Amino acid sequence: MWKPYKDVISKVMPKALIAIDSFHVIKHINDIVNKHRIKVMNKYAGNIEFKTYKNDKYYMLKKFHYFFTKEYDNIYNGYISIPKFRISLNKSSIKDFLLSIDDDLTEVYKIKEEYREFNRNTNFDDAKELLSDLITKYRNHRLEDIRSFGKLLSNWKDEIINSFIKSDSNRRLSNGPIEGTNSRIKTIIKTSNGIKSFKRLRARIIYSINKDVALKIPE
């Protein structure tokens, strides 16, 4: 059970194609961006409170941490309130300011966005060539974390390419839905602070993840 699953699959199912879920690759590059954000943020820790958001870089990097890892299109499109400075800014202004703070942080953010664009819009036929170009670029990057990311892409190149294979329903295969279901089940268990009856727990889970299914507690 301790052997890498790729080795096990190659022996048990030698003809199987292995695909890595894009979620895990995106998480890895997000972790790199967040690491750099915290590093830059801590440079400004302990400074006195400033009267304008442009001077209080620590506060802005901490408050708007999600700008670095969340899909930009999914960030609220209206004016965002910043009570500390009694102002409201649109997301474009906030993003531009955050990326003006540090060149390395801006660079890893752009790399993250570049890979997300590749993952979002590439098809299986083009994936091999485009991924090879990204690997070459990243492995020769001046930042060590990006070179490490390029090595990861190189090590999992075939599995990443296979992730662009689509099913009969024209959707890329992903374990995202089942991981989401597992997460909801864990949340139910955690927030309930204990459920003695398994039937009741089962009913709550069914109701939570299958709201269109008639609920019936088994006898």
# chains A, B, ... in the order shown; residues from 1 in each chain; ligands from 1

$ closest_atom_pairs --of "segment 40-85 of chain A" --to "segment 112-133 of chain A" --cutoff "12 Å" --atoms "only C-alpha atoms" --output "JSON lines"
{"residue": "A:Phe67", "atom": "CA", "partner": "A:Glu113", "partner_atom": "CA", "distance": 11.6}
{"residue": "A:Phe68", "atom": "CA", "partner": "A:Lys112", "partner_atom": "CA", "distance": 8.9}
{"residue": "A:Thr69", "atom": "CA", "partner": "A:Lys112", "partner_atom": "CA", "distance": 8.4}
{"residue": "A:Lys70", "atom": "CA", "partner": "A:Glu113", "partner_atom": "CA", "distance": 10.2}
{"residue": "A:Glu71", "atom": "CA", "partner": "A:Glu113", "partner_atom": "CA", "distance": 8.9}
{"residue": "A:Tyr72", "atom": "CA", "partner": "A:Glu113", "partner_atom": "CA", "distance": 9.4}
{"residue": "A:Asp73", "atom": "CA", "partner": "A:Glu113", "partner_atom": "CA", "distance": 11.9}

$ write_last_selection --atoms "all heavy atoms" --output "CSV table (one decimal), in the first residue's frame"
chain,number,residue,atom,x,y,z
A,67,PHE,N,-7.4,37.4,-4.0
A,67,PHE,CA,-7.1,37.9,-5.4
A,67,PHE,C,-6.0,37.2,-6.1
A,67,PHE,O,-6.0,37.1,-7.3
A,67,PHE,CB,-6.7,39.4,-5.3
A,67,PHE,CG,-7.9,40.4,-5.5
A,67,PHE,CD1,-8.9,40.5,-4.4
A,67,PHE,CD2,-8.1,41.1,-6.6
A,67,PHE,CE1,-9.9,41.3,-4.6
A,67,PHE,CE2,-9.1,42.0,-6.7
A,67,PHE,CZ,-10.1,42.1,-5.7
A,68,PHE,N,-5.1,36.6,-5.3
A,68,PHE,CA,-4.0,35.9,-5.9
A,68,PHE,C,-4.3,34.4,-6.3
A,68,PHE,O,-3.6,33.9,-7.1
A,68,PHE,CB,-2.8,35.9,-4.9
A,68,PHE,CG,-2.3,37.3,-4.7
A,68,PHE,CD1,-2.7,38.1,-3.6
A,68,PHE,CD2,-1.3,37.8,-5.6
A,68,PHE,CE1,-2.2,39.4,-3.5
A,68,PHE,CE2,-0.8,39.1,-5.4
A,68,PHE,CZ,-1.2,39.9,-4.3
A,69,THR,N,-5.3,33.8,-5.7
A,69,THR,CA,-5.6,32.4,-6.0
A,69,THR,C,-7.0,32.2,-6.6
A,69,THR,O,-7.2,31.1,-7.2
A,69,THR,CB,-5.4,31.6,-4.7
A,69,THR,OG1,-6.3,32.2,-3.7
A,69,THR,CG2,-4.0,31.6,-4.2
A,70,LYS,N,-7.9,33.1,-6.4
A,70,LYS,CA,-9.2,32.9,-6.9
A,70,LYS,C,-9.3,33.3,-8.4
A,70,LYS,O,-8.6,34.2,-8.9
A,70,LYS,CB,-10.2,33.7,-6.1
A,70,LYS,CG,-11.7,33.4,-6.3
A,70,LYS,CD,-12.6,34.2,-5.3
A,70,LYS,CE,-14.0,33.8,-5.6
A,70,LYS,NZ,-14.9,34.5,-4.6
A,71,GLU,N,-10.2,32.7,-9.1
A,71,GLU,CA,-10.5,33.1,-10.5
A,71,GLU,C,-10.9,34.5,-10.5
A,71,GLU,O,-11.9,34.9,-9.9
A,71,GLU,CB,-11.5,32.2,-11.1
A,71,GLU,CG,-11.1,30.8,-11.4
A,71,GLU,CD,-10.4,30.6,-12.7
A,71,GLU,OE1,-10.1,31.6,-13.4
A,71,GLU,OE2,-10.0,29.5,-13.1
A,72,TYR,N,-10.2,35.4,-11.3
A,72,TYR,CA,-10.5,36.8,-11.3
A,72,TYR,C,-12.0,37.1,-11.7
A,72,TYR,O,-12.6,37.9,-11.2
A,72,TYR,CB,-9.6,37.5,-12.3
A,72,TYR,CG,-9.8,39.0,-12.3
A,72,TYR,CD1,-9.3,39.8,-11.3
A,72,TYR,CD2,-10.3,39.6,-13.4
A,72,TYR,CE1,-9.5,41.2,-11.3
A,72,TYR,CE2,-10.5,41.0,-13.5
A,72,TYR,CZ,-10.0,41.8,-12.4
A,72,TYR,OH,-10.2,43.1,-12.5
A,73,ASP,N,-12.5,36.3,-12.7
A,73,ASP,CA,-13.9,36.5,-13.1
A,73,ASP,C,-14.9,36.2,-12.0
A,73,ASP,O,-16.1,36.6,-12.1
A,73,ASP,CB,-14.2,35.6,-14.3
A,73,ASP,CG,-13.5,36.1,-15.6
A,73,ASP,OD1,-13.0,37.3,-15.6
A,73,ASP,OD2,-13.3,35.3,-16.5

$ residues_around --residues "Thr191 of chain A" --least-positions-apart "6" --cutoff "12 Å" --atoms "only C-alpha atoms" --output "list of chain:residue names"
A:Arg184, A:Ile185, A:Leu201, A:Arg204

$ write_last_selection --atoms "N, CA and C atoms" --output "mmCIF file, in the first residue's frame"
data_model
loop_
_atom_site.group_PDB
_atom_site.id
_atom_site.type_symbol
_atom_site.label_atom_id
_atom_site.label_comp_id
_atom_site.auth_asym_id
_atom_site.auth_seq_id
_atom_site.Cartn_x
_atom_site.Cartn_y
_atom_site.Cartn_z
ATOM 1 N N ARG A 184 -18.489 17.904 1.619
ATOM 2 C CA ARG A 184 -19.784 18.211 2.229
ATOM 3 C C ARG A 184 -20.123 17.222 3.338
ATOM 4 N N ILE A 185 -19.783 15.954 3.120
ATOM 5 C CA ILE A 185 -20.033 14.941 4.147
ATOM 6 C C ILE A 185 -19.217 15.245 5.405
ATOM 7 N N LEU A 201 -27.726 10.153 10.162
ATOM 8 C CA LEU A 201 -26.592 10.723 9.440
ATOM 9 C C LEU A 201 -26.721 10.458 7.948
ATOM 10 N N ARG A 204 -29.311 12.728 6.400
ATOM 11 C CA ARG A 204 -28.836 14.107 6.245
ATOM 12 C C ARG A 204 -27.901 14.229 5.048
#

$ select_by_dssp --residues "chain A" --states "strand (DSSP E)" --output "number ranges by chain"
A: 79-82, 87-90

$ closest_residue --among "A:Lys51, A:Lys57, A:Arg202, A:Lys39" --to "Arg86 of chain A" --atoms "only C-alpha atoms"
A:Lys51

$ closest_atom_pairs --of "segment 18-66 of chain A" --to "segment 144-156 of chain A" --cutoff "12 Å" --atoms "only C-alpha atoms" --output "tab-separated table"
residue	atom	partner	partner_atom	distance
A:Ile18	CA	A:Trp156	CA	9.9
A:Ala19	CA	A:Trp156	CA	9.0
A:Ile20	CA	A:Trp156	CA	7.8
A:Asp21	CA	A:Trp156	CA	10.9
A:Ser22	CA	A:Trp156	CA	11.1
A:His24	CA	A:Leu152	CA	11.3
A:Val25	CA	A:Leu153	CA	8.3
A:Ile26	CA	A:Phe149	CA	10.6
A:Lys27	CA	A:Phe149	CA	11.3
A:His28	CA	A:Phe149	CA	7.9
A:Ile29	CA	A:Phe149	CA	7.1
A:Asn30	CA	A:Phe149	CA	10.8
A:Asp31	CA	A:Asp145	CA	10.2
A:Ile32	CA	A:Asp145	CA	6.8
A:Val33	CA	A:Asp145	CA	9.3
A:Asn34	CA	A:Asp145	CA	11.6
A:Lys35	CA	A:Asp145	CA	9.6
A:His36	CA	A:Asp145	CA	9.4

$ atom_distance --atom1 "atom CA of Asn175 of chain A" --atom2 "atom CA of Ile209 of chain A"
15.8 Å

$ select_by_dssp --residues "segment 44-198 of chain A" --states "alpha helix (DSSP H)" --output "PyMOL selection string"
chain A and resi 57-63+91-99+103-121+124-139+144-155+157-162+176-192+198

$ atom_distance --atom1 "atom CA of Ile188 of chain A" --atom2 "atom CA of Asn210 of chain A"
14.0 Å

$ atom_distance --atom1 "atom CA of Leu99 of chain A" --atom2 "atom CA of Lys84 of chain A"
20.4 Å

$ closest_residue --among "A:Leu105, A:Leu89, A:Leu17, A:Ile161" --to "Ile38 of chain A" --atoms "only C-alpha atoms"
A:Leu105

$ decode --residues "segment 6-20 of chain A" --atoms "all heavy atoms" --output "short mmCIF file (atom, residue, chain, number, x, y, z; two decimals), in the first residue's frame"
data_model
loop_
_atom_site.label_atom_id
_atom_site.label_comp_id
_atom_site.auth_asym_id
_atom_site.auth_seq_id
_atom_site.Cartn_x
_atom_site.Cartn_y
_atom_site.Cartn_z
N LYS A 6 1.17 4.94 -9.39
CA LYS A 6 1.51 4.75 -10.80
C LYS A 6 2.18 3.41 -11.02
O LYS A 6 1.94 2.73 -12.03
CB LYS A 6 2.42 5.88 -11.28
CG LYS A 6 1.71 7.19 -11.51
CD LYS A 6 2.45 8.09 -12.49
CE LYS A 6 3.82 8.44 -11.99
NZ LYS A 6 4.50 9.37 -12.93
N ASP A 7 3.05 3.00 -10.07
CA ASP A 7 3.73 1.72 -10.19
C ASP A 7 2.74 0.57 -10.08
O ASP A 7 2.84 -0.44 -10.80
CB ASP A 7 4.81 1.58 -9.11
CG ASP A 7 5.93 2.59 -9.29
OD1 ASP A 7 6.05 3.12 -10.40
OD2 ASP A 7 6.67 2.82 -8.33
N VAL A 8 1.77 0.72 -9.18
CA VAL A 8 0.77 -0.33 -8.98
C VAL A 8 -0.10 -0.45 -10.23
O VAL A 8 -0.35 -1.56 -10.73
CB VAL A 8 -0.12 -0.02 -7.76
CG1 VAL A 8 -1.24 -1.04 -7.64
CG2 VAL A 8 0.73 0.00 -6.49
N ILE A 9 -0.54 0.68 -10.76
CA ILE A 9 -1.41 0.65 -11.94
C ILE A 9 -0.68 0.06 -13.14
O ILE A 9 -1.26 -0.71 -13.92
CB ILE A 9 -1.92 2.07 -12.26
CG1 ILE A 9 -2.90 2.53 -11.18
CG2 ILE A 9 -2.60 2.12 -13.63
CD1 ILE A 9 -3.39 3.94 -11.35
N SER A 10 0.60 0.40 -13.31
CA SER A 10 1.35 -0.11 -14.46
C SER A 10 1.47 -1.63 -14.42
O SER A 10 1.59 -2.28 -15.46
CB SER A 10 2.75 0.52 -14.50
OG SER A 10 3.49 0.13 -13.35
N LYS A 11 1.42 -2.22 -13.21
CA LYS A 11 1.51 -3.67 -13.09
C LYS A 11 0.13 -4.34 -13.18
O LYS A 11 -0.02 -5.37 -13.82
CB LYS A 11 2.17 -4.05 -11.76
CG LYS A 11 3.62 -3.63 -11.67
CD LYS A 11 4.21 -4.00 -10.31
CE LYS A 11 5.67 -3.57 -10.21
NZ LYS A 11 6.26 -3.90 -8.89
N VAL A 12 -0.84 -3.73 -12.53
CA VAL A 12 -2.18 -4.34 -12.49
C VAL A 12 -2.97 -4.06 -13.77
O VAL A 12 -3.68 -4.92 -14.28
CB VAL A 12 -2.96 -3.82 -11.26
CG1 VAL A 12 -4.37 -4.42 -11.22
CG2 VAL A 12 -2.20 -4.14 -9.98
N MET A 13 -2.86 -2.82 -14.26
CA MET A 13 -3.58 -2.43 -15.48
C MET A 13 -2.61 -1.76 -16.44
O MET A 13 -2.60 -0.53 -16.60
CB MET A 13 -4.73 -1.48 -15.14
CG MET A 13 -5.80 -2.10 -14.26
SD MET A 13 -7.14 -0.94 -13.86
CE MET A 13 -6.28 0.17 -12.72
N PRO A 14 -1.75 -2.55 -17.08
CA PRO A 14 -0.68 -1.99 -17.91
C PRO A 14 -1.15 -1.15 -19.09
O PRO A 14 -0.41 -0.32 -19.61
CB PRO A 14 0.08 -3.24 -18.39
CG PRO A 14 -0.90 -4.35 -18.26
CD PRO A 14 -1.74 -4.02 -17.07
N LYS A 15 -2.39 -1.35 -19.53
CA LYS A 15 -2.90 -0.59 -20.68
C LYS A 15 -3.68 0.66 -20.27
O LYS A 15 -4.18 1.41 -21.12
CB LYS A 15 -3.79 -1.49 -21.54
CG LYS A 15 -3.05 -2.65 -22.19
CD LYS A 15 -3.99 -3.45 -23.09
CE LYS A 15 -3.24 -4.60 -23.77
NZ LYS A 15 -4.15 -5.38 -24.66
N ALA A 16 -3.79 0.88 -18.99
CA ALA A 16 -4.57 2.02 -18.51
C ALA A 16 -3.83 3.33 -18.73
O ALA A 16 -2.61 3.40 -18.63
CB ALA A 16 -4.88 1.85 -17.02
N LEU A 17 -4.60 4.37 -19.08
CA LEU A 17 -4.06 5.72 -19.18
C LEU A 17 -4.26 6.41 -17.84
O LEU A 17 -5.36 6.40 -17.29
CB LEU A 17 -4.77 6.51 -20.29
CG LEU A 17 -4.51 6.07 -21.73
CD1 LEU A 17 -5.34 6.92 -22.69
CD2 LEU A 17 -3.03 6.19 -22.07
N ILE A 18 -3.21 7.01 -17.33
CA ILE A 18 -3.29 7.70 -16.05
C ILE A 18 -3.40 9.20 -16.31
O ILE A 18 -2.63 9.76 -17.09
CB ILE A 18 -2.05 7.41 -15.19
CG1 ILE A 18 -1.86 5.91 -15.00
CG2 ILE A 18 -2.18 8.11 -13.83
CD1 ILE A 18 -0.58 5.55 -14.29
N ALA A 19 -4.36 9.83 -15.68
CA ALA A 19 -4.56 11.27 -15.83
C ALA A 19 -4.54 11.92 -14.45
O ALA A 19 -5.12 11.40 -13.50
CB ALA A 19 -5.88 11.57 -16.53
N ILE A 20 -3.84 13.04 -14.35
CA ILE A 20 -3.82 13.77 -13.09
C ILE A 20 -4.92 14.82 -13.13
O ILE A 20 -5.13 15.49 -14.13
CB ILE A 20 -2.44 14.42 -12.85
CG1 ILE A 20 -2.39 15.07 -11.47
CG2 ILE A 20 -2.10 15.44 -13.94
CD1 ILE A 20 -1.00 15.55 -11.08
#
